[in-house]
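To keep things clear, I will list the structure first and then write my remarks on it.
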Amino acid sequence: MSFDMEKAPSPSEPPTSVLPHKGRGGLLEARRNDGVLILIENTAEGDRLVIPAGCEATLTETYDPQGDDAYTTDSKLQITLAENARLIHYKLVREGPKANHQSFLEVQAQKSASFQSHVFLLGGARVRNTIHVRLDGEGADCSLNGLYLATGEQVMETHTLIDHIRPHGTSREFYKGILDQKAQGLFDGLIIVEKDAQKTDSSQTNKNLLLSNTARANSNPELRILANDVKCKHGATIGQLDPAQLFYMRSRGISEADARRLLIYAFASEMINLVEKASMRETLEQNLFAKFQRI
């Protein structure tokens with residue numbers, strides 16, 4: 001994806017002159033917790049965002065449909081978190097029905113920095129979400145959370161890498177998938193704990209809900225541990241709606257269609273409840289409700 005950027009402000013200009021990062025099908029906005037926008041720099045290698053030491057900020061990515069015809073969204077973003085910086089990242093993909101979406105997010109977290117990501121993949125014919133996080137400073141931490149919802153013949157892929165370089169790092173990864181009709185979902189996650197990253201605490205979970213016999217989910221969580229004093233775990237599940245729960249709800253006078261939607265929403269709502277930003281939660285609930293009506 002290419003973006004049209006406003007010229008970067010000089011040091012004498014107020015940072016409020018920076019505009020949100022715009023492009024075909026996408027809007028990126030980085031904002032400090034005091035409301036001031038942060039410059040996203042356009043470089044030959046992609047877009048670049050630097051969060052200064054001690055700064056707390058939020059980055060929001062949204063990708064809306066650009067019509068019913070085929071098109072491609074291709075984005076690359078590099079983020080550097082200086083010492084004690086904190087960034088919460090939200091990404092909402094609701095591309096058009098024939099769109100091909102590919103994105104690559106690379107994060108470097110320095111000492112005691114914190115990165116928290118919430119990704120929601122809802123639209124597009126084929127979506128590939130790639131995130132690489134390098135915990136390069138002692139005490140750095142990250143959380144990668146996500147939900148992918150696919151119907152028809154949609155294909156949703158998530159590829160993640162968390163690399164623990166220094167001691168006392170913490171990482172949490174939790175992705176869920178809901179797949180209906182002939183949709184396909186792939187979760188491919190790797191956590192590496194380097195030999196100097198002692199006292200690392202890491203966990204990785206992927207859960208998938210299949211709503212039809214023709215939907216397919218592939219889950220490949222992986223740990224590669226080179227240190228000897230760590231606490232790490234990972235796991236994955238692929239299942240269907242619980243017939244006992246459906247029967248119970250039917251016995252209480254709830255229609256089968258409504259019972260299914262309630263159970264599906266309960267599965268998805270765990271990821272929505274992790275979102276701190278109220279306006280984003282509201283947007284997600286509206287989008288999921290609309291999509292659930294078609295399931």
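Here's how to read the names in the structure tokens: chain A, B, ... by the order shown, residue numbers from 1 in each chain, ligand numbers from 1 in the order shown.
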request  = Tell me which protein, DNA and RNA residues are within 8 Å of Ala268 of chain A, counting only C-alpha atoms, leaving out same-chain ones fewer than 4 positions away, and put them as a ChimeraX atom specification.
outcome  = /A:147,176,264,272
query = Which residues, written as a PyMOL selection string, have at least one atom at most 9 Å from Leu190 of chain A, with only C-alpha atoms counted and residues fewer than 3 positions away on the same chain left out?
reply = chain A and resi 159-163+204+220-224
Residue selection dump (C-alpha atoms) as a compact mmCIF listing (two decimals), in the first residue's frame:
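Output below, filename out.txt:
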```
# COMPACT_ATOMS: atom_id res chain seq x y z
CA HIS A 159 1.69 -15.53 10.82
CA THR A 160 3.41 -14.34 13.99
CA LEU A 161 6.91 -14.39 15.44
CA ILE A 162 7.84 -13.28 18.96
CA ASP A 163 11.60 -13.28 19.59
CA GLN A 204 0.54 -18.95 23.10
CA ASN A 220 0.64 -24.43 14.09
CA PRO A 221 1.74 -22.96 17.44
CA GLU A 222 5.43 -23.52 18.08
CA LEU A 223 7.98 -22.83 20.84
CA ARG A 224 11.73 -22.76 20.23
```
Mind dumping a table of every segment 84-132 of chain A residue within 12 Å of segment 62-69 of chain A, with the nearest atom pair and its distance in Å to one decimal, using only C-alpha atoms, sorted by chain and rising number, as a tab-separated table?
```
residue	atom	partner	partner_atom	distance
A:His89	CA	A:Thr62	CA	11.0
A:Tyr90	CA	A:Thr62	CA	8.2
A:Lys91	CA	A:Thr62	CA	5.8
A:Leu92	CA	A:Thr62	CA	4.8
A:Val93	CA	A:Tyr63	CA	4.9
A:Arg94	CA	A:Asp64	CA	5.2
A:Glu95	CA	A:Pro65	CA	4.2
A:Gly96	CA	A:Pro65	CA	4.2
A:Pro97	CA	A:Asp68	CA	6.1
A:Lys98	CA	A:Asp69	CA	6.1
A:Ala99	CA	A:Asp69	CA	7.6
A:Asn100	CA	A:Asp69	CA	10.8
A:His101	CA	A:Tyr63	CA	9.1
A:Gln102	CA	A:Tyr63	CA	11.2
A:Ser103	CA	A:Tyr63	CA	10.9
A:His118	CA	A:Thr62	CA	11.9
A:Val119	CA	A:Thr62	CA	10.1
A:Phe120	CA	A:Thr62	CA	9.8
A:Leu121	CA	A:Tyr63	CA	9.8
A:Leu122	CA	A:Tyr63	CA	10.1
A:Gly123	CA	A:Pro65	CA	8.0
A:Gly124	CA	A:Pro65	CA	8.2
A:Ala125	CA	A:Asp68	CA	10.7
A:Val127	CA	A:Tyr63	CA	11.4
```
task = Would you mind writing down, as a PyMOL selection string, each residue of segment 106-266 of chain A that DSSP on the backbone assigns to strand (DSSP E)?
result = chain A and resi 106-109+114-123+126-135+141-150+155-164+170-179+184-193+201-210+216-225+231-239
Within 9 Å of Gln245 of chain A using only C-alpha atoms, minus same-chain residues under 5 positions, as a list in words =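 Result of the neighbour search: Arg250, Ala259 and Leu263 of chain A.
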Keeping only N, CA and C atoms, write the selected residues as a tab-separated table (two decimals), in the first residue's frame.
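Generated output (selection18.tsv):
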```
chain	number	residue	atom	x	y	z
A	250	ARG	N	-32.34	-24.43	23.26
A	250	ARG	CA	-33.59	-24.75	22.55
A	250	ARG	C	-34.69	-25.11	23.54
A	259	ALA	N	-29.88	-19.41	18.96
A	259	ALA	CA	-28.99	-20.13	19.88
A	259	ALA	C	-27.59	-20.22	19.30
A	263	LEU	N	-24.13	-18.46	20.92
A	263	LEU	CA	-22.92	-19.22	21.25
A	263	LEU	C	-21.71	-18.72	20.46
```
inquiry  = Need to verify the contact set: Val133 of chain A, 10 Å, only C-alpha atoms, exclusion of same-chain residues closer than 4 positions in sequence. Can you return it as number ranges by chain?
reply    = A: 79, 105-109, 115, 141-144, 160-164, 171, 191
Saved selection, atoms kept: N, CA and C atoms, as an mmCIF file, in the first residue's frame:
```cif
data_model
loop_
_atom_site.group_PDB
_atom_site.id
_atom_site.type_symbol
_atom_site.label_atom_id
_atom_site.label_comp_id
_atom_site.auth_asym_id
_atom_site.auth_seq_id
_atom_site.Cartn_x
_atom_site.Cartn_y
_atom_site.Cartn_z
ATOM 1 N N ILE A 79 7.847 -0.510 13.641
ATOM 2 C CA ILE A 79 7.632 0.252 14.870
ATOM 3 C C ILE A 79 8.812 0.036 15.802
ATOM 4 N N LEU A 105 3.837 -6.273 9.860
ATOM 5 C CA LEU A 105 4.126 -5.371 10.972
ATOM 6 C C LEU A 105 5.339 -5.899 11.720
ATOM 7 N N GLU A 106 6.342 -5.054 11.852
ATOM 8 C CA GLU A 106 7.582 -5.420 12.540
ATOM 9 C C GLU A 106 7.789 -4.479 13.720
ATOM 10 N N VAL A 107 7.976 -5.049 14.913
ATOM 11 C CA VAL A 107 8.078 -4.260 16.136
ATOM 12 C C VAL A 107 9.382 -4.590 16.855
ATOM 13 N N GLN A 108 10.092 -3.536 17.274
ATOM 14 C CA GLN A 108 11.266 -3.706 18.127
ATOM 15 C C GLN A 108 10.991 -3.000 19.446
ATOM 16 N N ALA A 109 11.035 -3.757 20.536
ATOM 17 C CA ALA A 109 10.748 -3.209 21.860
ATOM 18 C C ALA A 109 12.027 -3.185 22.695
ATOM 19 N N PHE A 115 4.212 -3.635 24.162
ATOM 20 C CA PHE A 115 3.437 -3.595 22.918
ATOM 21 C C PHE A 115 2.242 -4.516 23.068
ATOM 22 N N ASP A 141 7.760 -6.449 27.096
ATOM 23 C CA ASP A 141 6.655 -7.389 27.029
ATOM 24 C C ASP A 141 5.773 -7.087 25.832
ATOM 25 N N CYS A 142 5.019 -8.102 25.404
ATOM 26 C CA CYS A 142 4.060 -7.904 24.319
ATOM 27 C C CYS A 142 2.877 -8.849 24.492
ATOM 28 N N SER A 143 1.735 -8.402 23.963
ATOM 29 C CA SER A 143 0.522 -9.221 23.906
ATOM 30 C C SER A 143 -0.018 -9.134 22.495
ATOM 31 N N LEU A 144 -0.226 -10.284 21.873
ATOM 32 C CA LEU A 144 -0.796 -10.336 20.532
ATOM 33 C C LEU A 144 -2.149 -11.036 20.627
ATOM 34 N N THR A 160 2.800 -15.163 12.946
ATOM 35 C CA THR A 160 3.414 -14.338 13.989
ATOM 36 C C THR A 160 4.753 -14.924 14.435
ATOM 37 N N LEU A 161 5.628 -14.021 14.853
ATOM 38 C CA LEU A 161 6.914 -14.386 15.441
ATOM 39 C C LEU A 161 7.171 -13.459 16.616
ATOM 40 N N ILE A 162 7.413 -14.042 17.780
ATOM 41 C CA ILE A 162 7.842 -13.284 18.956
ATOM 42 C C ILE A 162 9.229 -13.792 19.328
ATOM 43 N N ASP A 163 10.215 -12.897 19.324
ATOM 44 C CA ASP A 163 11.605 -13.277 19.586
ATOM 45 C C ASP A 163 12.062 -12.626 20.886
ATOM 46 N N HIS A 164 12.241 -13.463 21.914
ATOM 47 C CA HIS A 164 12.739 -12.984 23.211
ATOM 48 C C HIS A 164 14.269 -12.963 23.156
ATOM 49 N N SER A 171 5.526 -12.485 27.194
ATOM 50 C CA SER A 171 4.685 -12.420 25.991
ATOM 51 C C SER A 171 3.441 -13.279 26.181
ATOM 52 N N ILE A 191 7.283 -18.728 18.776
ATOM 53 C CA ILE A 191 7.909 -17.977 19.855
ATOM 54 C C ILE A 191 9.312 -18.533 20.060
#
```
